[in-house]
Amino acid sequence: MTRLRVGVLISGRGSNLQALIEATADPAYPAEIVTVISNRAEAPGLARAAAAGISHHVIAESDRAAFAAAADRVLRSAGVELVALAGFMRILDTGFVEAWADRMINIHPSLLPAFPGLHPQRQALAAGVKFSGCTVHFVRPVMDTGPIIAQAVVPVEDGDDEDRLADRILAAEHRVYPLAVRLYAEGRLRIVGNRVAVAGAMAPDIAVMNPELLASADG
Ligand code: GRF
């Protein structure tokens, strides 16, 4: 099996990178991570790439176009077919986003289009919503927009603070990102306008995204 070649861009902790590393450890998983790029030399996620034996690069250029040019070079020389942003905290050059359109995805810790931008968990608490979650979407030049591939829902509980809610959402992120990359690698995603059509049986995928929903439907 030829595996899809994925490049992951990080800025920090890299727990979503770790979830992807763990998914790709299964030889049956249809994607592999061939390179990791961080815009911060001190990102703890770099050690995760190193521990997994994945080539990793720090590109710290402060100029947006210079960063994009350097990142593009690394991605192309690694033969990357899909770029996955995983806690990547820089705004990307529009030309770069357009060059990788439909081949670059992001994960965001809210049910987009609700709560884009910074501190989405704080925004969810302030809005008083009963559910939040996470979203994997194709990247478009406007931040946190783009066709949605997968979402998972988590409850907002009484007494939640930002950290508790973030942890609950993060656990869902770690299921949903590997799922979304798998769906992409299996060629099951088709972008129709602003919607992503997912080919094939959806029920098992929904179970991965939202186990609580199916559990409550059964009970
Ligand atoms: C995650 O919540 C992700 O959704 C957001 O930034 C956070 C990154 O966490 N974009 P990690 O670096 O993957 O642990």
# chains A, B, ... in the order shown; residues from 1 in each chain; ligands from 1
call {"tool": "residues_around", "arguments": {"residues": "stretch 52-54 of chain A", "least_positions_apart": "6", "cutoff": "10 Å", "atoms": "only C-alpha atoms", "output": "list in words"}}
result
Gln18, Ile21, Glu22, Ala25, Glu32, Ile33, Val34, Thr35, Val36 and Leu46 of chain A
call {"tool": "write_last_selection", "arguments": {"atoms": "all heavy atoms", "output": "PDB file, in the first residue's frame"}}
result
ATOM      1  N   GLN A  18       1.050  14.109  18.053  1.00  0.00           N
ATOM      2  CA  GLN A  18       1.263  12.804  18.683  1.00  0.00           C
ATOM      3  C   GLN A  18       0.136  11.834  18.318  1.00  0.00           C
ATOM      4  O   GLN A  18       0.388  10.654  18.046  1.00  0.00           O
ATOM      5  CB  GLN A  18       1.341  12.979  20.214  1.00  0.00           C
ATOM      6  CG  GLN A  18       1.685  11.713  20.964  1.00  0.00           C
ATOM      7  CD  GLN A  18       3.104  11.235  20.666  1.00  0.00           C
ATOM      8  OE1 GLN A  18       4.016  12.051  20.519  1.00  0.00           O
ATOM      9  NE2 GLN A  18       3.283   9.934  20.555  1.00  0.00           N
ATOM     10  N   ILE A  21       0.890  10.669  14.941  1.00  0.00           N
ATOM     11  CA  ILE A  21       2.030   9.737  14.961  1.00  0.00           C
ATOM     12  C   ILE A  21       1.546   8.351  15.386  1.00  0.00           C
ATOM     13  O   ILE A  21       1.897   7.333  14.784  1.00  0.00           O
ATOM     14  CB  ILE A  21       3.141  10.248  15.911  1.00  0.00           C
ATOM     15  CG1 ILE A  21       3.842  11.469  15.315  1.00  0.00           C
ATOM     16  CG2 ILE A  21       4.151   9.151  16.221  1.00  0.00           C
ATOM     17  CD1 ILE A  21       4.819  12.173  16.271  1.00  0.00           C
ATOM     18  N   GLU A  22       0.705   8.337  16.419  1.00  0.00           N
ATOM     19  CA  GLU A  22       0.234   7.038  16.924  1.00  0.00           C
ATOM     20  C   GLU A  22      -0.659   6.349  15.898  1.00  0.00           C
ATOM     21  O   GLU A  22      -0.571   5.138  15.702  1.00  0.00           O
ATOM     22  CB  GLU A  22      -0.457   7.215  18.281  1.00  0.00           C
ATOM     23  CG  GLU A  22       0.597   7.437  19.357  1.00  0.00           C
ATOM     24  CD  GLU A  22       0.065   7.977  20.686  1.00  0.00           C
ATOM     25  OE1 GLU A  22      -1.138   7.812  20.969  1.00  0.00           O
ATOM     26  OE2 GLU A  22       0.883   8.573  21.428  1.00  0.00           O
ATOM     27  N   ALA A  25       1.388   4.735  13.203  1.00  0.00           N
ATOM     28  CA  ALA A  25       2.185   3.576  13.627  1.00  0.00           C
ATOM     29  C   ALA A  25       1.540   2.268  13.173  1.00  0.00           C
ATOM     30  O   ALA A  25       2.217   1.237  13.065  1.00  0.00           O
ATOM     31  CB  ALA A  25       2.352   3.586  15.140  1.00  0.00           C
ATOM     32  N   GLU A  32       1.264   8.500   6.197  1.00  0.00           N
ATOM     33  CA  GLU A  32       2.467   8.568   7.044  1.00  0.00           C
ATOM     34  C   GLU A  32       2.895  10.026   7.150  1.00  0.00           C
ATOM     35  O   GLU A  32       2.634  10.823   6.249  1.00  0.00           O
ATOM     36  CB  GLU A  32       3.597   7.723   6.442  1.00  0.00           C
ATOM     37  CG  GLU A  32       4.031   8.194   5.073  1.00  0.00           C
ATOM     38  CD  GLU A  32       5.144   7.347   4.461  1.00  0.00           C
ATOM     39  OE1 GLU A  32       6.016   6.890   5.200  1.00  0.00           O
ATOM     40  OE2 GLU A  32       5.120   7.161   3.225  1.00  0.00           O
ATOM     41  N   ILE A  33       3.556  10.354   8.247  1.00  0.00           N
ATOM     42  CA  ILE A  33       4.068  11.721   8.421  1.00  0.00           C
ATOM     43  C   ILE A  33       5.511  11.727   7.936  1.00  0.00           C
ATOM     44  O   ILE A  33       6.356  10.992   8.457  1.00  0.00           O
ATOM     45  CB  ILE A  33       3.992  12.162   9.890  1.00  0.00           C
ATOM     46  CG1 ILE A  33       2.546  12.077  10.387  1.00  0.00           C
ATOM     47  CG2 ILE A  33       4.519  13.594  10.042  1.00  0.00           C
ATOM     48  CD1 ILE A  33       2.395  12.268  11.882  1.00  0.00           C
ATOM     49  N   VAL A  34       5.775  12.549   6.930  1.00  0.00           N
ATOM     50  CA  VAL A  34       7.129  12.548   6.359  1.00  0.00           C
ATOM     51  C   VAL A  34       7.944  13.746   6.819  1.00  0.00           C
ATOM     52  O   VAL A  34       9.177  13.714   6.730  1.00  0.00           O
ATOM     53  CB  VAL A  34       7.096  12.462   4.815  1.00  0.00           C
ATOM     54  CG1 VAL A  34       6.573  11.100   4.374  1.00  0.00           C
ATOM     55  CG2 VAL A  34       6.274  13.583   4.199  1.00  0.00           C
ATOM     56  N   THR A  35       7.285  14.789   7.307  1.00  0.00           N
ATOM     57  CA  THR A  35       8.051  15.913   7.828  1.00  0.00           C
ATOM     58  C   THR A  35       7.201  16.721   8.797  1.00  0.00           C
ATOM     59  O   THR A  35       5.972  16.757   8.677  1.00  0.00           O
ATOM     60  CB  THR A  35       8.599  16.801   6.678  1.00  0.00           C
ATOM     61  OG1 THR A  35       9.583  17.691   7.203  1.00  0.00           O
ATOM     62  CG2 THR A  35       7.521  17.605   6.003  1.00  0.00           C
ATOM     63  N   VAL A  36       7.873  17.330   9.769  1.00  0.00           N
ATOM     64  CA  VAL A  36       7.210  18.212  10.731  1.00  0.00           C
ATOM     65  C   VAL A  36       7.942  19.545  10.687  1.00  0.00           C
ATOM     66  O   VAL A  36       9.175  19.590  10.701  1.00  0.00           O
ATOM     67  CB  VAL A  36       7.256  17.610  12.158  1.00  0.00           C
ATOM     68  CG1 VAL A  36       6.780  18.620  13.196  1.00  0.00           C
ATOM     69  CG2 VAL A  36       6.421  16.340  12.226  1.00  0.00           C
ATOM     70  N   LEU A  46       8.364  19.256  18.727  1.00  0.00           N
ATOM     71  CA  LEU A  46       9.540  18.831  17.941  1.00  0.00           C
ATOM     72  C   LEU A  46      10.151  17.563  18.529  1.00  0.00           C
ATOM     73  O   LEU A  46      10.622  16.688  17.786  1.00  0.00           O
ATOM     74  CB  LEU A  46      10.580  19.958  17.905  1.00  0.00           C
ATOM     75  CG  LEU A  46      10.237  21.139  16.990  1.00  0.00           C
ATOM     76  CD1 LEU A  46      11.171  22.316  17.272  1.00  0.00           C
ATOM     77  CD2 LEU A  46      10.313  20.737  15.510  1.00  0.00           C
TER      78      LEU A  46
END
call {"tool": "residues_around", "arguments": {"residues": "A:Gly146", "least_positions_apart": "4", "cutoff": "12 Å", "atoms": "only C-alpha atoms", "output": "CSV table (one decimal) with N, CA, C and O atoms, in the first residue's frame"}}
result
chain,number,residue,atom,x,y,z
A,97,VAL,N,-1.5,29.5,1.1
A,97,VAL,CA,-2.8,28.9,1.3
A,97,VAL,C,-3.4,28.5,0.0
A,97,VAL,O,-3.9,27.4,-0.2
A,101,ALA,N,-4.4,24.8,-1.5
A,101,ALA,CA,-5.8,24.7,-1.4
A,101,ALA,C,-6.3,23.3,-1.7
A,101,ALA,O,-5.8,22.7,-2.6
A,102,ASP,N,-7.2,22.8,-0.8
A,102,ASP,CA,-7.7,21.4,-0.9
A,102,ASP,C,-6.7,20.4,-0.6
A,102,ASP,O,-7.0,19.2,-0.7
A,103,ARG,N,-5.5,20.8,-0.2
A,103,ARG,CA,-4.5,19.8,0.2
A,103,ARG,C,-3.9,20.3,1.6
A,103,ARG,O,-2.8,19.9,1.9
A,104,MET,N,-4.6,21.1,2.2
A,104,MET,CA,-4.2,21.6,3.6
A,104,MET,C,-5.4,21.7,4.5
A,104,MET,O,-6.4,22.2,4.2
A,105,ILE,N,-5.2,21.0,5.7
A,105,ILE,CA,-6.3,21.0,6.6
A,105,ILE,C,-5.9,21.5,8.0
A,105,ILE,O,-4.7,21.6,8.3
A,106,ASN,N,-6.9,21.8,8.8
A,106,ASN,CA,-6.6,22.4,10.1
A,106,ASN,C,-7.6,21.8,11.2
A,106,ASN,O,-8.7,21.4,10.8
A,107,ILE,N,-7.1,21.8,12.4
A,107,ILE,CA,-8.1,21.4,13.5
A,107,ILE,C,-8.2,22.6,14.4
A,107,ILE,O,-7.3,23.3,14.8
A,108,HIS,N,-9.5,22.8,14.8
A,108,HIS,CA,-9.8,24.0,15.6
A,108,HIS,C,-10.7,23.5,16.8
A,108,HIS,O,-11.7,22.8,16.5
A,112,LEU,N,-17.0,25.0,14.5
A,112,LEU,CA,-17.0,26.1,13.5
A,112,LEU,C,-18.3,26.0,12.8
A,112,LEU,O,-18.8,24.9,12.5
A,113,PRO,N,-18.9,27.2,12.4
A,113,PRO,CA,-18.3,28.5,12.4
A,113,PRO,C,-18.4,29.2,13.7
A,113,PRO,O,-18.1,30.4,13.8
A,116,PRO,N,-14.5,31.1,16.1
A,116,PRO,CA,-13.2,31.1,15.4
A,116,PRO,C,-12.2,31.9,16.2
A,116,PRO,O,-12.5,32.6,17.1
A,135,THR,N,-13.4,20.8,15.2
A,135,THR,CA,-13.7,20.8,13.7
A,135,THR,C,-12.4,20.6,13.0
A,135,THR,O,-11.4,21.3,13.2
A,136,VAL,N,-12.4,19.7,12.0
A,136,VAL,CA,-11.3,19.6,11.0
A,136,VAL,C,-11.8,20.1,9.7
A,136,VAL,O,-12.9,19.7,9.2
A,137,HIS,N,-11.1,21.1,9.1
A,137,HIS,CA,-11.6,21.7,7.9
A,137,HIS,C,-10.5,22.0,6.9
A,137,HIS,O,-9.3,22.1,7.3
A,138,PHE,N,-10.8,22.1,5.6
A,138,PHE,CA,-9.9,22.6,4.7
A,138,PHE,C,-9.5,24.0,4.9
A,138,PHE,O,-10.4,24.8,5.4
A,139,VAL,N,-8.3,24.4,4.7
A,139,VAL,CA,-7.8,25.8,5.0
A,139,VAL,C,-8.1,26.7,3.8
A,139,VAL,O,-7.8,26.3,2.7
A,140,ARG,N,-8.7,27.8,4.2
A,140,ARG,CA,-8.9,28.9,3.2
A,140,ARG,C,-8.2,30.2,3.7
A,140,ARG,O,-7.9,30.2,4.9
A,141,PRO,N,-8.1,31.2,2.8
A,141,PRO,CA,-7.3,32.4,3.3
A,141,PRO,C,-7.9,33.0,4.5
A,141,PRO,O,-7.2,33.6,5.3
A,142,VAL,N,-9.2,33.0,4.7
A,142,VAL,CA,-9.8,33.6,5.9
A,142,VAL,C,-9.7,32.5,7.1
A,142,VAL,O,-10.2,31.4,6.9
A,150,ALA,N,-14.8,17.0,9.4
A,150,ALA,CA,-15.3,16.2,10.5
A,150,ALA,C,-15.5,17.1,11.7
A,150,ALA,O,-14.7,18.1,11.8
A,191,ILE,N,-15.0,18.0,-2.3
A,191,ILE,CA,-15.5,19.3,-1.9
A,191,ILE,C,-16.6,19.8,-2.9
A,191,ILE,O,-16.3,19.8,-4.1
A,192,VAL,N,-17.8,20.0,-2.4
A,192,VAL,CA,-18.8,20.5,-3.2
A,192,VAL,C,-19.3,21.8,-2.7
A,192,VAL,O,-19.9,21.9,-1.7
A,193,GLY,N,-18.8,22.9,-3.3
A,193,GLY,CA,-19.1,24.2,-2.7
A,193,GLY,C,-18.4,24.4,-1.4
A,193,GLY,O,-17.2,24.1,-1.3
A,194,ASN,N,-19.2,24.7,-0.4
A,194,ASN,CA,-18.6,24.8,1.0
A,194,ASN,C,-18.8,23.5,1.8
A,194,ASN,O,-18.5,23.5,3.0
A,195,ARG,N,-19.3,22.5,1.1
A,195,ARG,CA,-19.6,21.3,1.9
A,195,ARG,C,-18.6,20.1,1.4
A,195,ARG,O,-18.2,20.1,0.3
A,196,VAL,N,-18.2,19.3,2.4
A,196,VAL,CA,-17.4,18.1,2.0
A,196,VAL,C,-18.3,16.9,2.0
A,196,VAL,O,-18.9,16.5,3.1
call {"tool": "closest_residue", "arguments": {"among": "A:Ala68, A:Ala86, A:Val8, A:Ile59", "to": "ligand 1", "atoms": "only C-alpha atoms and all ligand atoms"}}
result
A:Ala86
call {"tool": "residues_around", "arguments": {"residues": "A:Val198", "least_positions_apart": "5", "cutoff": "12 Å", "atoms": "only C-alpha atoms", "output": "list in words"}}
result
Pro147, Ile148, Ile149, Ala150, Leu179, Ala180, Arg182, Leu183, Tyr184, Glu186, Gly187, Arg188, Leu189, Arg190, Ile191, Val192, Ala203, Asp205 and Ile206 of chain A
call {"tool": "select_by_dssp", "arguments": {"residues": "chain A", "states": "alpha helix (DSSP H)", "output": "ChimeraX atom specification"}}
result
/A:15-24,45-51,64-77,94-99,120-127,162-185,203-209,211-218
call {"tool": "residues_around", "arguments": {"residues": "A:Ala70", "least_positions_apart": "5", "cutoff": "12 Å", "atoms": "only C-alpha atoms", "output": "VMD selection string"}}
result
chain A and resid 37 to 39 57 to 65 75 to 77 93 96
call {"tool": "write_last_selection", "arguments": {"atoms": "all heavy atoms", "output": "compact mmCIF listing (two decimals), in the first residue's frame"}}
result
# COMPACT_ATOMS: atom_id res chain seq x y z
N ILE A 37 7.17 20.62 10.61
CA ILE A 37 7.75 21.97 10.61
C ILE A 37 7.19 22.73 11.80
O ILE A 37 5.97 22.73 12.02
CB ILE A 37 7.39 22.72 9.31
CG1 ILE A 37 7.99 22.00 8.09
CG2 ILE A 37 7.87 24.17 9.37
CD1 ILE A 37 7.54 22.59 6.75
N SER A 38 8.07 23.39 12.53
CA SER A 38 7.62 24.28 13.61
C SER A 38 8.12 25.69 13.33
O SER A 38 9.24 25.86 12.84
CB SER A 38 8.18 23.81 14.96
OG SER A 38 7.89 24.79 15.95
N ASN A 39 7.31 26.67 13.65
CA ASN A 39 7.78 28.05 13.53
C ASN A 39 8.44 28.51 14.83
O ASN A 39 8.90 29.64 14.91
CB ASN A 39 6.62 29.00 13.16
CG ASN A 39 5.57 29.08 14.25
OD1 ASN A 39 5.16 28.05 14.79
ND2 ASN A 39 5.12 30.28 14.58
N HIS A 57 11.88 20.33 11.17
CA HIS A 57 12.56 21.58 10.79
C HIS A 57 11.97 22.72 11.59
O HIS A 57 10.77 22.77 11.82
CB HIS A 57 12.32 21.89 9.30
CG HIS A 57 12.66 20.75 8.41
ND1 HIS A 57 13.85 20.69 7.71
CD2 HIS A 57 12.00 19.61 8.12
CE1 HIS A 57 13.89 19.56 7.03
NE2 HIS A 57 12.78 18.89 7.25
N VAL A 58 12.83 23.66 11.94
CA VAL A 58 12.36 24.92 12.53
C VAL A 58 12.51 25.99 11.45
O VAL A 58 13.59 26.16 10.88
CB VAL A 58 13.18 25.30 13.77
CG1 VAL A 58 12.74 26.67 14.30
CG2 VAL A 58 13.03 24.23 14.85
N ILE A 59 11.40 26.66 11.17
CA ILE A 59 11.44 27.78 10.22
C ILE A 59 10.89 28.98 11.00
O ILE A 59 9.69 29.06 11.26
CB ILE A 59 10.58 27.50 8.97
CG1 ILE A 59 11.08 26.23 8.27
CG2 ILE A 59 10.63 28.70 8.02
CD1 ILE A 59 10.24 25.82 7.07
N ALA A 60 11.79 29.85 11.41
CA ALA A 60 11.39 30.90 12.36
C ALA A 60 11.31 32.28 11.72
O ALA A 60 11.14 33.27 12.42
CB ALA A 60 12.35 30.91 13.54
N GLU A 61 11.40 32.34 10.39
CA GLU A 61 11.35 33.64 9.71
C GLU A 61 10.18 34.47 10.19
O GLU A 61 9.04 33.98 10.23
CB GLU A 61 11.20 33.44 8.19
CG GLU A 61 12.50 33.37 7.44
CD GLU A 61 13.13 31.98 7.55
OE1 GLU A 61 12.67 31.20 8.40
OE2 GLU A 61 14.08 31.71 6.80
N SER A 62 10.45 35.71 10.53
CA SER A 62 9.34 36.54 11.00
C SER A 62 8.55 37.11 9.82
O SER A 62 7.37 37.41 9.96
CB SER A 62 9.85 37.68 11.89
OG SER A 62 10.83 38.40 11.19
N ASP A 63 9.17 37.20 8.68
CA ASP A 63 8.47 37.70 7.50
C ASP A 63 7.55 36.59 6.96
O ASP A 63 7.99 35.45 6.74
CB ASP A 63 9.52 38.10 6.45
CG ASP A 63 8.85 38.55 5.16
OD1 ASP A 63 8.38 39.70 5.14
OD2 ASP A 63 8.79 37.74 4.22
N ARG A 64 6.30 36.95 6.75
CA ARG A 64 5.30 35.94 6.38
C ARG A 64 5.62 35.26 5.05
O ARG A 64 5.50 34.04 4.90
CB ARG A 64 3.92 36.60 6.31
CG ARG A 64 2.78 35.62 6.36
CD ARG A 64 1.45 36.31 6.40
NE ARG A 64 1.19 36.93 7.69
CZ ARG A 64 0.15 37.71 7.95
NH1 ARG A 64 -0.73 37.98 7.01
NH2 ARG A 64 -0.02 38.22 9.15
N ALA A 65 6.05 36.06 4.07
CA ALA A 65 6.35 35.49 2.75
C ALA A 65 7.60 34.61 2.81
O ALA A 65 7.67 33.55 2.17
CB ALA A 65 6.54 36.61 1.73
N LEU A 75 8.25 21.24 2.30
CA LEU A 75 7.12 20.35 2.03
C LEU A 75 7.27 19.68 0.67
O LEU A 75 7.07 18.47 0.52
CB LEU A 75 5.80 21.13 2.09
CG LEU A 75 5.43 21.69 3.48
CD1 LEU A 75 4.29 22.69 3.37
CD2 LEU A 75 5.06 20.55 4.43
N ARG A 76 7.65 20.47 -0.31
CA ARG A 76 7.78 19.90 -1.67
C ARG A 76 8.96 18.93 -1.74
O ARG A 76 8.86 17.88 -2.38
CB ARG A 76 7.90 21.01 -2.71
CG ARG A 76 6.57 21.74 -2.89
CD ARG A 76 6.58 22.78 -3.99
NE ARG A 76 5.43 23.66 -3.85
CZ ARG A 76 4.18 23.35 -4.24
NH1 ARG A 76 3.93 22.20 -4.81
NH2 ARG A 76 3.18 24.19 -4.04
N SER A 77 10.05 19.27 -1.07
CA SER A 77 11.20 18.35 -1.18
C SER A 77 10.93 17.04 -0.43
O SER A 77 11.50 16.01 -0.75
CB SER A 77 12.51 19.01 -0.75
OG SER A 77 12.49 19.19 0.63
N ASP A 93 0.67 33.01 4.74
CA ASP A 93 0.65 33.81 3.52
C ASP A 93 -0.46 33.32 2.58
O ASP A 93 -0.63 32.10 2.37
CB ASP A 93 2.04 33.60 2.89
CG ASP A 93 2.16 34.22 1.54
OD1 ASP A 93 2.26 35.45 1.49
OD2 ASP A 93 2.14 33.47 0.54
N PHE A 96 0.51 30.99 -0.24
CA PHE A 96 0.81 29.64 0.25
C PHE A 96 -0.50 28.86 0.44
O PHE A 96 -0.63 27.71 0.02
CB PHE A 96 1.58 29.74 1.57
CG PHE A 96 1.94 28.44 2.21
CD1 PHE A 96 3.12 27.79 1.89
CD2 PHE A 96 1.10 27.86 3.16
CE1 PHE A 96 3.47 26.58 2.50
CE2 PHE A 96 1.43 26.65 3.76
CZ PHE A 96 2.62 26.02 3.43
call {"tool": "select_by_dssp", "arguments": {"residues": "stretch 30-163 of chain A", "states": "strand (DSSP E or B)", "output": "VMD selection string"}}
result
chain A and resid 31 to 38 56 to 58 82 to 85 104 to 108 131 to 138 148 to 155
call {"tool": "residues_near_ligand", "arguments": {"ligand": "ligand 1", "cutoff": "8 Å", "atoms": "only C-alpha atoms and all ligand atoms", "output": "VMD selection string"}}
result
chain A and resid 10 to 18 45 85 to 89 106 to 110 134 to 135 166 169 to 170 173
call {"tool": "residues_around", "arguments": {"residues": "A:Val129", "least_positions_apart": "6", "cutoff": "12 Å", "atoms": "only C-alpha atoms", "output": "JSON, numbers by chain"}}
result
{"A": [110, 111, 114, 115, 120, 121, 122, 123, 153, 154, 155, 156, 157, 158, 160, 165]}
call {"tool": "atom_distance", "arguments": {"atom1": "atom CA of A:His56", "atom2": "atom CA of A:Ala78"}}
result
10.7 Å
call {"tool": "decode", "arguments": {"residues": "stretch 43-77 of chain A", "atoms": "C-alpha atoms", "output": "PDB file, in the first residue's frame"}}
result
ATOM      1  CA  ALA A  43       7.953  23.848  20.523  1.00  0.00           C
ATOM      2  CA  PRO A  44       7.708  20.662  22.634  1.00  0.00           C
ATOM      3  CA  GLY A  45       6.137  18.935  19.635  1.00  0.00           C
ATOM      4  CA  LEU A  46       9.540  18.831  17.941  1.00  0.00           C
ATOM      5  CA  ALA A  47      10.698  16.264  20.501  1.00  0.00           C
ATOM      6  CA  ARG A  48       7.702  14.110  19.620  1.00  0.00           C
ATOM      7  CA  ALA A  49       8.733  14.158  15.965  1.00  0.00           C
ATOM      8  CA  ALA A  50      12.317  13.346  16.942  1.00  0.00           C
ATOM      9  CA  ALA A  51      11.216  10.460  19.165  1.00  0.00           C
ATOM     10  CA  ALA A  52       9.212   9.036  16.270  1.00  0.00           C
ATOM     11  CA  GLY A  53      12.197   9.374  13.911  1.00  0.00           C
ATOM     12  CA  ILE A  54      10.407  11.924  11.710  1.00  0.00           C
ATOM     13  CA  SER A  55      12.429  14.621   9.971  1.00  0.00           C
ATOM     14  CA  HIS A  56      11.676  17.988  11.543  1.00  0.00           C
ATOM     15  CA  HIS A  57      12.557  21.576  10.789  1.00  0.00           C
ATOM     16  CA  VAL A  58      12.360  24.921  12.526  1.00  0.00           C
ATOM     17  CA  ILE A  59      11.440  27.779  10.220  1.00  0.00           C
ATOM     18  CA  ALA A  60      11.388  30.898  12.361  1.00  0.00           C
ATOM     19  CA  GLU A  61      11.353  33.637   9.710  1.00  0.00           C
ATOM     20  CA  SER A  62       9.341  36.545  11.000  1.00  0.00           C
ATOM     21  CA  ASP A  63       8.475  37.698   7.505  1.00  0.00           C
ATOM     22  CA  ARG A  64       5.295  35.937   6.376  1.00  0.00           C
ATOM     23  CA  ALA A  65       6.355  35.491   2.750  1.00  0.00           C
ATOM     24  CA  ALA A  66       9.805  34.236   3.737  1.00  0.00           C
ATOM     25  CA  PHE A  67       8.254  31.689   6.096  1.00  0.00           C
ATOM     26  CA  ALA A  68       5.897  30.511   3.357  1.00  0.00           C
ATOM     27  CA  ALA A  69       8.690  30.152   0.805  1.00  0.00           C
ATOM     28  CA  ALA A  70      10.855  28.137   3.206  1.00  0.00           C
ATOM     29  CA  ALA A  71       7.961  25.936   4.339  1.00  0.00           C
ATOM     30  CA  ASP A  72       6.903  25.328   0.754  1.00  0.00           C
ATOM     31  CA  ARG A  73      10.443  24.207  -0.113  1.00  0.00           C
ATOM     32  CA  VAL A  74      10.579  21.740   2.772  1.00  0.00           C
ATOM     33  CA  LEU A  75       7.117  20.349   2.030  1.00  0.00           C
ATOM     34  CA  ARG A  76       7.783  19.896  -1.668  1.00  0.00           C
ATOM     35  CA  SER A  77      11.200  18.352  -1.180  1.00  0.00           C
TER      36      SER A  77
END
